[in-house]
Structure formats: C-alpha cells, structure tokens
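*Asks:* Below is entry_11.txt; it holds compact mmCIF, C-alpha atoms and all ligand atoms.
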# COMPACT_ATOMS: atom_id res chain seq x y z
CA MET P 1 95.65 14.83 11.49
CA THR P 2 95.59 11.15 12.57
CA THR P 3 97.71 10.80 15.77
CA TRP P 4 99.82 7.84 14.62
CA PHE P 5 100.93 9.93 11.67
CA SER P 6 101.20 13.43 13.18
CA ASP P 7 103.34 12.23 16.13
CA TYR P 8 105.67 10.55 13.67
CA VAL P 9 105.91 13.63 11.43
CA GLU P 10 106.93 15.71 14.46
CA LYS P 11 109.76 13.27 15.20
CA VAL P 12 110.87 13.32 11.55
CA VAL P 13 111.01 17.14 11.55
CA ASP P 14 113.04 17.12 14.80
CA ALA P 15 115.48 14.54 13.41
CA LEU P 16 116.00 16.49 10.19
CA GLY P 17 116.97 19.56 12.21
CA ASN P 18 119.33 17.66 14.51
CA ASP P 19 122.93 18.37 13.45
CA MET P 20 124.42 15.95 15.98
CA LEU P 21 122.36 13.11 14.56
CA ARG P 22 123.29 14.14 11.02
CA SER P 23 127.02 14.00 11.68
CA ALA P 24 126.80 10.65 13.55
CA LEU P 25 124.73 9.01 10.80
CA GLU P 26 127.06 10.29 8.12
CA LYS P 27 129.79 8.13 9.70
CA VAL P 28 127.62 4.99 9.78
CA SER P 29 126.49 5.28 6.21
CA THR P 30 129.95 5.86 4.78
CA ARG P 31 132.36 3.97 7.01
CA PHE P 32 130.50 0.68 7.50
CA PRO P 33 129.47 0.00 3.87
CA ARG P 34 132.96 0.94 2.65
CA ALA P 35 134.67 -1.34 5.20
CA ARG P 36 132.25 -4.15 4.35
CA LEU P 37 132.90 -3.93 0.60
CA GLN P 38 136.65 -3.90 1.13
CA LEU P 39 136.47 -6.87 3.48
CA LEU P 40 134.28 -9.00 1.22
CA LYS P 41 136.91 -8.65 -1.51
CA GLU P 42 139.41 -10.19 0.90
CA LEU P 43 137.22 -13.12 1.96
CA PRO P 44 137.15 -15.73 -0.79
CA TYR P 45 134.94 -17.99 1.30
CA TYR P 46 132.36 -15.31 2.14
CA GLU P 47 129.92 -16.20 -0.61
CA TYR P 48 130.10 -19.89 0.33
CA TYR P 49 129.40 -19.08 3.99
CA ARG P 50 126.62 -16.65 3.13
CA LYS P 51 124.77 -19.15 0.93
CA ARG P 52 125.24 -21.87 3.48
CA VAL P 53 123.79 -19.73 6.27
CA ARG P 54 120.84 -18.72 4.12
CA GLU P 55 120.11 -22.34 3.26
CA SER P 56 120.44 -23.39 6.86
CA ARG P 57 118.10 -20.60 8.03
CA VAL P 58 115.47 -21.46 5.45
CA TRP P 59 115.73 -25.17 6.33
CA SER P 60 115.60 -24.45 10.07
CA LEU P 61 112.45 -22.36 9.72
CA GLU P 62 110.80 -25.12 7.68
CA HIS P 63 111.62 -27.56 10.51
CA ILE P 64 111.11 -25.19 13.40
CA ASP P 65 108.81 -27.41 15.47
CA GLU P 66 111.19 -30.34 15.53
CA LEU P 67 114.17 -28.04 16.14
CA ILE P 68 112.47 -26.43 19.12
CA TRP P 69 111.88 -29.88 20.63
CA MET P 70 115.41 -30.99 19.87
CA ALA P 71 116.84 -27.79 21.38
CA LYS P 72 114.67 -28.20 24.49
CA GLU P 73 115.77 -31.79 24.99
CA ASN P 74 119.45 -31.05 24.53
CA ILE P 75 119.44 -27.84 26.58
CA GLU P 76 117.86 -29.79 29.45
CA LYS P 77 120.42 -32.58 29.05
CA THR P 78 123.18 -30.04 29.72
CA GLY P 79 121.61 -29.25 33.09
CA ALA P 80 120.10 -25.93 31.99
CA VAL P 81 116.42 -25.00 32.34
CA PHE P 82 114.42 -24.49 29.13
CA HIS P 83 111.39 -22.22 29.05
CA TYR P 84 109.19 -21.55 26.03
CA ALA P 85 107.40 -18.17 26.11
CA ASN P 86 104.50 -17.46 23.75
CA THR P 87 104.51 -13.75 24.48
CA GLY P 88 106.85 -11.08 25.75
CA GLU P 89 104.82 -10.85 28.94
CA GLU P 90 105.29 -14.57 29.58
CA ALA P 91 109.05 -14.24 29.10
CA VAL P 92 109.24 -11.23 31.42
CA ASN P 93 107.20 -13.00 34.12
CA TYR P 94 109.34 -16.12 33.93
CA ILE P 95 112.58 -14.14 34.23
CA ALA P 96 111.23 -11.96 37.05
CA ASN P 97 110.07 -15.06 38.98
CA VAL P 98 113.46 -16.77 38.65
CA LEU P 99 115.21 -13.63 39.90
CA ARG P 100 112.75 -13.07 42.75
CA ASP P 101 112.88 -16.74 43.88
CA ARG P 102 116.70 -16.58 44.07
CA GLY P 103 116.62 -13.28 45.99
CA ALA P 104 118.50 -11.51 43.17
CA LYS P 105 118.78 -7.73 43.33
CA LEU P 106 121.53 -6.54 41.01
CA ILE P 107 121.15 -7.75 37.41
CA ILE P 108 123.69 -7.09 34.66
CA LYS P 109 122.86 -7.36 30.97
CA GLY P 110 124.56 -7.98 27.67
CA LYS P 111 123.25 -6.33 24.49
CA SER P 112 120.08 -8.02 23.31
CA MET P 113 117.43 -6.76 20.88
CA VAL P 114 114.99 -9.39 22.17
CA THR P 115 115.13 -7.90 25.67
CA GLU P 116 114.48 -4.49 24.08
CA GLU P 117 111.57 -6.04 22.20
CA ILE P 118 109.89 -7.22 25.41
CA PHE P 119 110.82 -4.08 27.42
CA LEU P 120 112.58 -6.30 29.93
CA ASN P 121 114.61 -3.59 31.67
CA ARG P 122 111.57 -1.43 32.36
CA ALA P 123 109.59 -4.42 33.64
CA LEU P 124 112.36 -5.58 35.97
CA ILE P 125 113.08 -2.09 37.28
CA GLU P 126 109.35 -1.62 37.99
CA ARG P 127 109.51 -4.85 40.02
CA GLY P 128 112.34 -3.45 42.13
CA PHE P 129 115.43 -4.99 40.48
CA ASP P 130 118.51 -2.94 39.75
CA VAL P 131 119.29 -3.56 36.05
CA ILE P 132 122.51 -2.38 34.42
CA GLU P 133 123.43 -2.62 30.75
CA THR P 134 127.10 -3.43 30.19
CA ASP P 135 127.60 -3.04 26.45
CA PHE P 136 129.12 0.44 26.06
CA GLY P 137 126.45 1.71 23.63
CA GLU P 138 123.58 0.11 25.54
CA PHE P 139 124.90 1.56 28.81
CA LEU P 140 124.88 5.03 27.27
CA ILE P 141 121.36 4.79 25.94
CA GLN P 142 120.16 3.29 29.21
CA ILE P 143 121.45 6.21 31.25
CA ARG P 144 120.02 8.65 28.67
CA GLY P 145 116.64 6.89 28.72
CA GLU P 146 116.73 6.28 24.96
CA LYS P 147 116.25 3.27 22.73
CA PRO P 148 118.86 1.72 20.40
CA SER P 149 119.21 3.45 17.05
CA HIS P 150 120.98 0.51 15.37
CA PRO P 151 120.91 -3.24 16.17
CA VAL P 152 124.71 -3.61 16.26
CA VAL P 153 125.87 -0.14 17.35
CA PRO P 154 122.99 1.05 19.54
CA ALA P 155 124.36 4.50 20.44
CA VAL P 156 125.64 5.34 16.98
CA HIS P 157 123.53 8.52 16.96
CA LEU P 158 125.67 10.10 19.70
CA THR P 159 128.78 12.20 19.13
CA ILE P 160 131.79 12.13 21.49
CA ASP P 161 130.80 15.51 22.98
CA GLU P 162 127.33 14.27 23.78
CA ILE P 163 128.71 11.03 25.26
CA ALA P 164 131.17 12.89 27.50
CA LYS P 165 128.39 15.21 28.68
CA THR P 166 126.14 12.23 29.45
CA LEU P 167 128.87 10.44 31.42
CA THR P 168 129.87 13.60 33.29
CA ASN P 169 126.28 14.05 34.46
CA PHE P 170 125.77 10.39 35.33
CA LEU P 171 129.07 9.76 37.10
CA ASN P 172 129.11 13.18 38.71
CA LYS P 173 132.71 13.87 37.69
CA GLU P 174 134.27 15.58 34.70
CA ILE P 175 134.82 13.18 31.77
CA ALA P 176 136.80 14.67 28.89
CA PRO P 177 135.27 14.48 25.40
CA GLU P 178 137.95 12.00 24.39
CA HIS P 179 137.34 8.39 23.34
CA HIS P 180 139.77 6.66 25.71
CA ALA P 181 138.57 8.71 28.67
CA CYS P 182 134.92 7.80 28.04
CA VAL P 183 135.61 4.07 27.65
CA LYS P 184 137.82 4.07 30.78
CA ALA P 185 135.13 5.81 32.84
CA VAL P 186 132.48 3.23 31.91
CA ARG P 187 134.90 0.34 32.38
CA GLU P 188 135.78 1.53 35.89
CA TYR P 189 132.14 2.06 36.80
CA LEU P 190 131.05 -1.38 35.58
CA ARG P 191 133.98 -3.45 36.80
CA GLU P 192 132.70 -4.11 40.34
CA LYS P 193 129.11 -4.54 39.09
CA PHE P 194 130.18 -7.63 37.12
CA PHE P 195 131.32 -9.36 40.29
CA LYS P 196 128.61 -8.09 42.60
CA ALA P 197 125.73 -8.98 40.25
CA ASP P 198 123.30 -11.70 41.32
CA ALA P 199 122.37 -12.62 37.75
CA GLY P 200 123.38 -11.94 34.17
CA ILE P 201 120.99 -11.71 31.23
CA THR P 202 122.08 -12.01 27.60
CA GLY P 203 120.50 -12.69 24.25
CA ALA P 204 121.93 -15.29 21.85
CA ASN P 205 123.15 -14.95 18.30
CA ALA P 206 122.31 -18.58 17.70
CA ILE P 207 121.28 -21.79 19.44
CA ALA P 208 122.39 -25.22 18.27
CA ALA P 209 119.58 -27.76 18.53
CA ASP P 210 121.92 -30.79 18.43
CA THR P 211 123.98 -29.80 21.48
CA GLY P 212 121.87 -27.15 23.22
CA THR P 213 124.77 -24.72 22.79
CA ILE P 214 124.27 -20.94 23.02
CA VAL P 215 126.45 -18.84 20.69
CA LEU P 216 127.29 -15.28 21.70
CA VAL P 217 129.28 -12.95 19.46
CA GLU P 218 130.75 -9.66 20.65
CA ASN P 219 133.75 -7.33 20.53
CA GLU P 220 133.75 -5.72 23.97
CA GLY P 221 134.07 -8.80 26.18
CA ASN P 222 131.22 -7.67 28.43
CA ALA P 223 128.90 -10.52 27.39
CA ARG P 224 131.55 -12.95 28.61
CA PHE P 225 131.47 -11.33 32.04
CA VAL P 226 127.67 -11.18 32.08
CA SER P 227 127.34 -14.83 31.11
CA ASN P 228 130.12 -16.01 33.37
CA ALA P 229 130.64 -13.93 36.52
CA PRO P 230 127.23 -14.01 38.27
CA PRO P 231 125.84 -17.25 39.75
CA ILE P 232 122.81 -17.23 37.42
CA HIS P 233 122.79 -16.73 33.65
CA ILE P 234 119.51 -16.19 31.79
CA VAL P 235 119.47 -16.30 28.00
CA VAL P 236 116.46 -14.89 26.19
CA THR P 237 116.17 -15.19 22.44
CA GLY P 238 113.73 -15.68 19.56
CA VAL P 239 112.70 -19.07 18.15
CA GLU P 240 114.18 -18.12 14.78
CA LYS P 241 117.69 -18.30 16.23
CA ILE P 242 117.72 -22.10 16.36
CA TYR P 243 120.01 -23.94 13.93
CA PRO P 244 120.23 -27.71 13.49
CA THR P 245 123.91 -28.10 14.37
CA VAL P 246 126.53 -26.28 16.39
CA GLU P 247 128.53 -25.77 13.21
CA ASP P 248 125.60 -24.01 11.51
CA ALA P 249 125.10 -21.86 14.60
CA ILE P 250 128.75 -20.76 14.69
CA ILE P 251 128.97 -19.96 10.98
CA ALA P 252 125.74 -17.96 11.08
CA SER P 253 126.99 -15.96 14.06
CA MET P 254 130.28 -15.27 12.28
CA LEU P 255 128.45 -13.70 9.34
CA ILE P 256 127.04 -10.81 11.39
CA ILE P 257 130.14 -8.73 12.18
CA PRO P 258 131.68 -8.68 8.65
CA ASN P 259 128.38 -7.50 7.22
CA ALA P 260 127.50 -5.10 10.00
CA VAL P 261 130.76 -3.23 10.49
CA GLY P 262 133.25 -4.69 8.01
CA LEU P 263 135.40 -6.58 10.54
CA LYS P 264 136.70 -10.03 9.61
CA MET P 265 136.04 -11.69 12.97
CA PRO P 266 134.41 -10.60 16.20
CA SER P 267 136.84 -10.40 19.13
CA TYR P 268 134.91 -13.03 21.06
CA ILE P 269 132.70 -15.96 20.18
CA SER P 270 131.40 -17.67 23.31
CA LEU P 271 129.92 -21.16 23.18
CA ILE P 272 127.93 -22.03 26.27
CA THR P 273 126.69 -25.57 26.74
CA GLY P 274 125.05 -25.85 30.14
CA PRO P 275 125.93 -24.37 33.52
CA SER P 276 129.45 -24.38 34.94
CA SER P 277 130.44 -27.53 36.83
CA THR P 278 133.41 -29.54 38.06
CA SER P 279 133.89 -33.23 38.85
CA ASP P 280 137.46 -32.84 40.01
CA ILE P 281 136.78 -33.99 43.57
CA GLU P 282 136.15 -37.75 43.58
CA LEU P 283 134.24 -37.42 40.31
CA VAL P 284 131.32 -35.84 42.15
CA SER P 285 129.70 -33.28 39.87
CA ILE P 286 129.33 -29.88 41.52
CA ARG P 287 127.52 -27.00 39.79
CA GLY P 288 128.95 -23.50 39.67
CA ALA P 289 132.72 -24.01 39.62
CA HIS P 290 133.87 -20.65 38.27
CA GLY P 291 130.87 -19.79 36.09
CA PRO P 292 127.12 -19.74 36.81
CA ARG P 293 125.57 -22.66 38.66
CA GLU P 294 122.24 -22.01 36.91
CA LEU P 295 121.52 -21.45 33.23
CA HIS P 296 118.02 -20.64 31.97
CA VAL P 297 117.18 -20.47 28.27
CA VAL P 298 113.98 -18.57 27.43
CA LEU P 299 112.85 -19.12 23.85
CA LEU P 300 110.41 -16.49 22.66
CA ASP P 301 107.68 -16.63 20.01
CA ASN P 302 105.94 -13.20 20.36
CA GLY P 303 104.52 -13.15 16.81
CA ARG P 304 107.34 -15.02 15.08
CA LEU P 305 105.40 -18.21 14.37
CA LYS P 306 102.54 -16.13 12.95
CA MET P 307 105.07 -14.47 10.65
CA LEU P 308 106.33 -17.89 9.64
CA LYS P 309 102.82 -18.93 8.61
CA SER P 310 102.49 -15.92 6.32
CA GLN P 311 103.56 -16.66 2.74
CA ASP P 312 104.10 -12.93 2.16
CA PHE P 313 106.31 -12.23 5.16
CA LYS P 314 107.95 -15.45 6.37
CA GLU P 315 111.19 -14.56 4.58
CA ALA P 316 111.68 -11.73 7.12
CA LEU P 317 112.37 -14.35 9.77
CA THR P 318 115.67 -15.24 8.12
CA CYS P 319 116.97 -11.79 9.15
CA LEU P 320 120.26 -11.96 11.06
CA LYS P 321 119.78 -8.49 12.61
CA CYS P 322 123.13 -7.49 11.15
CA GLY P 323 121.96 -3.99 10.24
CA THR P 324 123.71 -4.04 6.84
CA CYS P 325 120.52 -2.85 5.14
CA LEU P 326 120.31 0.12 7.54
CA ASN P 327 123.89 1.19 6.89
CA ILE P 328 123.11 1.67 3.23
CA CYS P 329 119.54 3.01 3.51
CA PRO P 330 118.97 6.69 2.53
CA VAL P 331 116.03 7.03 4.94
CA TYR P 332 117.95 5.56 7.87
CA ARG P 333 120.78 7.98 7.07
CA GLU P 334 118.43 10.92 7.66
CA LEU P 335 116.32 9.63 10.55
CA SER P 336 118.19 6.80 12.34
CA GLY P 337 116.39 3.99 14.12
CA LEU P 338 115.28 6.45 16.82
CA VAL P 339 112.64 7.76 14.42
CA TRP P 340 112.52 5.18 11.62
CA GLY P 341 111.94 2.29 13.94
CA TYR P 342 109.74 1.26 16.82
CA ILE P 343 112.17 -1.20 18.37
CA TYR P 344 113.39 -2.82 15.16
CA SER P 345 114.49 -0.22 12.61
CA GLY P 346 114.21 0.36 8.89
CA GLY P 347 112.27 -1.54 6.25
CA ILE P 348 112.88 -4.94 7.81
CA GLY P 349 111.95 -3.38 11.15
CA ALA P 350 108.59 -2.30 9.71
CA ILE P 351 107.76 -5.93 8.88
CA TRP P 352 108.82 -7.19 12.32
CA THR P 353 106.97 -4.34 14.02
CA SER P 354 103.72 -5.25 12.25
CA PHE P 355 103.84 -8.80 13.68
CA ILE P 356 105.11 -7.96 17.16
CA TYR P 357 103.36 -4.67 17.94
CA GLY P 358 100.58 -4.46 15.35
CA LEU P 359 99.84 -2.47 12.19
CA GLU P 360 99.51 0.99 13.73
CA LYS P 361 103.11 1.01 14.97
CA ALA P 362 104.33 -0.29 11.61
CA ALA P 363 102.32 2.14 9.44
CA PRO P 364 104.58 5.24 9.55
CA LEU P 365 107.67 3.08 9.04
CA ALA P 366 106.24 1.29 6.00
CA PHE P 367 105.14 4.51 4.30
CA THR P 368 108.55 6.18 4.81
CA CYS P 369 110.38 3.59 2.70
CA LEU P 370 111.54 5.09 -0.62
CA GLN P 371 111.46 1.77 -2.49
CA CYS P 372 114.99 2.44 -3.73
CA GLY P 373 115.88 -1.24 -3.31
CA ARG P 374 119.40 -0.72 -1.94
CA CYS P 375 118.71 -2.93 1.11
CA LYS P 376 117.97 -5.91 -1.11
CA THR P 377 121.33 -5.64 -2.86
CA VAL P 378 123.34 -5.99 0.37
CA CYS P 379 121.20 -8.28 2.53
CA PRO P 380 123.23 -11.47 3.18
CA MET P 381 119.96 -13.38 3.49
CA GLU P 382 118.68 -11.98 0.13
CA ILE P 383 115.50 -10.74 1.82
CA ASP P 384 113.32 -8.81 -0.62
CA ILE P 385 112.46 -6.01 1.81
CA PRO P 386 111.01 -3.56 -0.76
CA GLU P 387 108.56 -6.17 -2.06
CA MET P 388 107.45 -7.01 1.48
CA ILE P 389 106.99 -3.30 2.24
CA LEU P 390 104.60 -3.04 -0.72
CA LYS P 391 102.63 -6.00 0.61
CA LEU P 392 102.57 -4.45 4.06
CA ARG P 393 101.33 -1.15 2.61
CA ARG P 394 98.45 -3.01 0.94
CA LEU P 395 97.53 -4.53 4.30
CA LEU P 396 97.76 -1.15 6.00
CA ILE P 397 95.54 0.53 3.40
CA GLU P 398 92.95 -2.25 3.76
CA SER P 399 93.00 -1.65 7.51
CA GLY P 400 92.61 2.13 7.17
CA TYR P 401 96.18 3.15 8.02
CA ILE P 402 96.76 5.62 5.20
CA PRO P 403 98.92 8.71 5.84
CA PRO P 404 96.63 11.77 5.40
CA PRO P 405 98.77 13.36 2.61
CA ILE P 406 98.38 10.15 0.58
CA SER P 407 94.63 9.87 1.13
CA ASN P 408 94.30 13.57 0.13
CA ILE P 409 96.14 12.90 -3.11
CA ALA P 410 93.87 9.92 -3.80
CA LYS P 411 90.78 12.08 -3.14
CA ASN P 412 92.06 14.85 -5.42
CA ILE P 413 92.70 12.42 -8.25
CA GLU P 414 89.21 11.03 -7.83
CA GLU P 415 87.52 14.46 -7.70
CA TYR P 416 89.69 16.63 -9.96
CA GLY P 417 91.62 14.14 -12.04
CA ASN P 418 94.93 15.44 -10.67
CA PRO P 419 96.85 15.09 -7.36
CA TYR P 420 96.81 18.87 -6.61
CA GLY P 421 93.07 19.33 -6.15
CA VAL P 422 92.70 22.11 -8.74
CA LEU P 423 90.30 22.28 -11.61
CA GLU P 424 92.21 21.79 -14.81
CA LYS P 425 91.66 24.26 -17.62
CA LYS P 426 90.25 22.67 -20.66
CA VAL P 427 92.63 22.96 -23.60
CA GLU P 428 90.61 24.41 -26.52
S1 LIG M 501 117.29 -7.60 6.48
FE1 LIG M 501 119.21 -8.53 5.77
S2 LIG M 501 120.70 -6.84 5.85
FE2 LIG M 501 118.92 -6.18 7.07
S3 LIG M 501 119.41 -6.75 9.18
FE3 LIG M 501 118.29 -8.49 8.29
S4 LIG M 501 119.85 -9.87 7.43
FE4 LIG M 501 120.85 -7.90 7.85
Take the structure from the file and write it as structure tokens.
*Replies:*
Amino acid sequence: MTTWFSDYVEKVVDALGNDMLRSALEKVSTRFPRARLQLLKELPYYEYYRKRVRESRVWSLEHIDELIWMAKENIEKTGAVFHYANTGEEAVNYIANVLRDRGAKLIIKGKSMVTEEIFLNRALIERGFDVIETDFGEFLIQIRGEKPSHPVVPAVHLTIDEIAKTLTNFLNKEIAPEHHACVKAVREYLREKFFKADAGITGANAIAADTGTIVLVENEGNARFVSNAPPIHIVVTGVEKIYPTVEDAIIASMLIIPNAVGLKMPSYISLITGPSSTSDIELVSIRGAHGPRELHVVLLDNGRLKMLKSQDFKEALTCLKCGTCLNICPVYRELSGLVWGYIYSGGIGAIWTSFIYGLEKAAPLAFTCLQCGRCKTVCPMEIDIPEMILKLRRLLIESGYIPPPISNIAKNIEEYGNPYGVLEKKVE
C-alpha cells in the first residue's frame, strides 16, 4: 500500500484504540461548543464584532502588500527590528543568528503555532540553544516529545493521570494526579527560567500596521513574562496577521477566546509597541528599562502569499486559528490533531498543509473529511472548508494522491460496474 496512506492508517487505528485520547476528546467536543453557544447568547455585540473582523481580514488580505510595508515602517519607527522571511528556513536562520550574536543560551517561549510550523524548537536545540516552552500545555507536549493536538489547547489529548505521570518522570519527584498539584509543579519549575532567560520568543495574534503594535492574547500570563522579562523579545508570525489599525487588531484578537473555549474575555491582552525604554533621566532615552531592550518582529510568508493568489483557497487565509471548527468536528473527536493534522489540524489544516508542506502531507487529511459541513456553520470567518476540501481532493487526484481503497473502488466500477468487484448476476 502507498506509504503516505498506510502510515496514516496505522496512526488512525492506534488512535481509535486509545481510551485516554477518547476520554480527553469527549471533553473538548462537548464542553467547548456548549460553552461557546451559551456565551454567544449573552454577547449582543458578538455578531457585529464577528462581521467586522471578517471584513477587516478580507480587506487586509486584498491590501497585503501595502500593509506589510506600512507595518515594517511603523515597527521600525518604534525602535524594533523588522525582518521579512520568505520561508521557514529563513525565519529560523534569522532568529538563530540574532540569538548567537547576542550570546544567548537559555530561550523561553510562548505558545505559537507559527514556531511549530517552522520547527523552530528543534532547529534551535540542534544549534545548541536551551529552549523551554512556558505555556502549560506546550510545556507538557515539549517534555513528552509530541506535537500540539489543538491550536488553542495543545495538550488537550492528555488526561490528568497521564500529565501527573509525565511531570513525575520529568521533575524526578512524585506529582499527584491532581490539577492544582500539576500546575504548581510547572509554575515552580518555570519561575526562575523566566528571569534567567536570555531571550523570549512569542507569536502574535495580530499586528497593527498603523502603529506597529503586536497583540498577544492569553490566559496563563506566561506570554507576558516571555515578552517582558528577558532582555530580547523575538516575535514570529505570519503575514496574514496584519490588520490596518490597532483597533482592528485588538477586536480580531478578542474574537478567538469566546469562539475557542467559550470564555468572554482572555485574562490578558498585551499590546507591545517597540522595545522597553525610559527617558526619565534628563530626557535621555535609554533602552531596556524593565522590559526587553531589543524587539525583533519576523514576518513569515512560507506559502501564504501563494495561497492568497489562489482563487480556490485564498479564503483559508482569513482563518483565526481559533479551533472552533475542530471542537465540533466528528473526525477530530475520534482522531485529534495528533493524527488528523500535520502541524495544522482538521479540514482547514489540510488546506494550510497543502500550501506549506505540499500535497503528500495534505492527502490523508483531505480524504478523511466526512463532508458533514459542521465546521462551516460555526466558523466565525464563514470559511467554506468542505467546499475547499473538495477542490483540494480534485488537485490531489490529478497529482496521483488517491487512497488505495478509493482507487480500487473506481477500478471495480470501471471493470465490473459495481464498487465490490464482483460479477453481477444478470436478472432474467
Ligand atoms: S477555519 Fe474558522 S473555525 Fe476553524 S480555526 Fe479557522 S477561523 Fe476558527
């Protein structure tokens, strides 16, 4: 059987027999959609915000070239360094060079799907840096050597027993399978790392072109430490995250948490406009007062502009990475993003995967979609994922990526007139 398909089938079979995964996913697919529905009833302005964000994303993508230039100009005006990376490799090299030139050793990170996309941790660790994730879920999957199973709650596939076992092994001391105990253990372990780190790396939920402001949304408070405690802060994010104004950027970032997990507001929204500085002594401006003295913003293409040029798929770029479509998806509920995803999960992940990593990686994901259409009904950006999956399947078939069971059915229909490959009895 073709390797790209047989390897995937093996993972599917494993996932279907994994009771721990089953029980964890059950919680995601019931709790989050229920909380979201309840919350939306209580937010009279939600629909206004949602439409406004969609309009602003569509407009921004239509004007992406000018927004990139405007963002560059305004980010540089704040005293930060702007770097445009065409590929993941370029972004990784830039970041590694900055860290090496400053003699950095210990690097702390906030949750960022873009850094997962470009395999930043692996690349930095291979170059000798010590890289530590600080979001609770990301920390867990890092020490387990896994990848995120959900864009907003990356370790959602793990039960409390599994988490306690992982922490006990990693920290070399008994951690009780109890929620407070697990959070406390990670908090204590990470606390000194925040202040010892030489650099912090985060993603961005949005960038405002008019002010060069970075918007970061979170609940844990770790991204605040990462972006504020070390002397260097590096932001790496995709070109599609640029909005024309700071107001647009804030509203768009505020839309993620209600949709993703059904919470009205995230605990923290950080707005970062340039490096830290003070002019309190004789009006002389000094960088690095309490926060970082250096801020680098790496804006990544990595297939996004190609996606934007495609009439069939450009809509996928409006995705907020809120994960709402995954929470309601029957395939995700069975497999999680660990199986039904390369880096980006689910139907929307299949589209992104095809542009970032190529058709072969996207093929098993695209053919697993059930075409039930539930994702389309909840997507705040109204992305027609099922329709795009059909278009992707056409592309895959034209390129020879057809799952063997499907090509067998097609052959049988051609030869025998039925999908089973048996000669039909003639009815007298
Ligand atoms: S496709 Fe829509 S629902 Fe799914 S992650 Fe993107 S914005 Fe959220």
*Asks:* Give the residues close to ligand LIG 501 (chain M), within 8 Å, counting all atoms listed in the file; write them as a list in words.
*Replies:* Pro151, Ile256, Asn259, Ala260, Ala316, Thr318, Cys319, Leu320, Lys321, Cys322, Gly323, Thr324, Cys325, Leu326, Gly347, Ile348, Cys375, Lys376, Val378, Cys379, Pro380, Met381, Glu382, Ile383 and Ile385 of chain P
*Asks:* One decimal, in Å: what's the spacing between atom CA of P:Lys196 and atom CA of P:Leu120?
*Replies:*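 These two atoms are separated by 20.5 Å.
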*Asks:* Can you tell me which residues surround stretch 206-215 of chain P at a distance of at most 8 Å, considering only C-alpha atoms, apart from same-chain residues fewer than 5 positions away, and format the answer as a ChimeraX atom specification?
*Replies:* /P:67-68,70-76,78,241-250,252-253,269-274
*Asks:* Taking (109.0, -7.0, -1.4) in the file's coordinates as the center, which residues reach within 10 Å of it, counting all atoms listed in the file, put as a list in words?
*Replies:*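 Those within range, by chain then number, are Asp312, Phe313, Glu315, Gly347, Gln371, Gly373, Lys376, Ile383, Asp384, Ile385, Pro386, Glu387, Met388, Ile389, Leu390, Lys391 and Leu392 of chain P.
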*Asks:* Fewer than 4 positions away in the same chain doesn't count, so skip those; otherwise give me all residues within 7 Å of stretch 356-359 of chain P, counting all atoms listed in the file, as an MDAnalysis selection string.
*Replies:* chainID P and resid 302:303 352 363 396
*Asks:* Hey, which of P:Tyr401, P:Lys264, P:Asp301, P:Glu146 ends up closest to P:Pro44? Count all atoms listed in the file.
*Replies:*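 Result for the nearest residue to P:Pro44: P:Lys264.
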*Asks:* Between atom CA of P:Tyr45 and atom CA of P:Met265, what is the distance, to one decimal in Å?
*Replies:*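 Spanning atom CA of P:Tyr45 to atom CA of P:Met265 is a straight-line distance of 13.3 Å.
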*Asks:* Considering all atoms listed in the file, give me a table of residues in stretch 142-173 of chain P that are at most 12 Å from stretch 186-191 of chain P, with the closest atom pair and distance in Å for each, as a Markdown table.
*Replies:*
| residue | atom | partner | partner_atom | distance |
| --- | --- | --- | --- | --- |
| P:Ile143 | CA | P:Val186 | CA | 11.4 |
| P:Ile163 | CA | P:Val186 | CA | 10.9 |
| P:Ala164 | CA | P:Val186 | CA | 10.7 |
| P:Thr166 | CA | P:Val186 | CA | 11.3 |
| P:Leu167 | CA | P:Val186 | CA | 8.1 |
| P:Thr168 | CA | P:Val186 | CA | 10.8 |
| P:Phe170 | CA | P:Val186 | CA | 10.4 |
| P:Leu171 | CA | P:Tyr189 | CA | 8.3 |
| P:Asn172 | CA | P:Tyr189 | CA | 11.7 |
| P:Lys173 | CA | P:Tyr189 | CA | 11.9 |
*Asks:* Restricting the calculation to only C-alpha atoms: of P:Lys314, P:Lys27, P:Arg50, P:His150, which residue gets closest to P:Leu255?
*Replies:*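 Of all the options, P:Arg50 lies closest to P:Leu255.
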*Asks:* From the list P:Asn121, P:Ser267, P:Ser279, P:Asn93, which residue is nearest P:Ile107 when using all atoms listed in the file?
*Replies:*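 Closest to P:Ile107, using all atoms listed in the file: P:Asn121.
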*Asks:* Any idea what the distance is between atom CA of P:Leu25 and atom CA of P:Arg333?
*Replies:*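 Computing the Euclidean distance for atom CA of P:Leu25 and atom CA of P:Arg333 yields 5.5 Å.
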*Asks:* Using all atoms listed in the file, which of the listed residues (P:Leu216, P:Leu140, P:Ile201, P:Leu423) sits closest to P:His157?
*Replies:*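 Smallest distance to P:His157 is found for P:Leu140.
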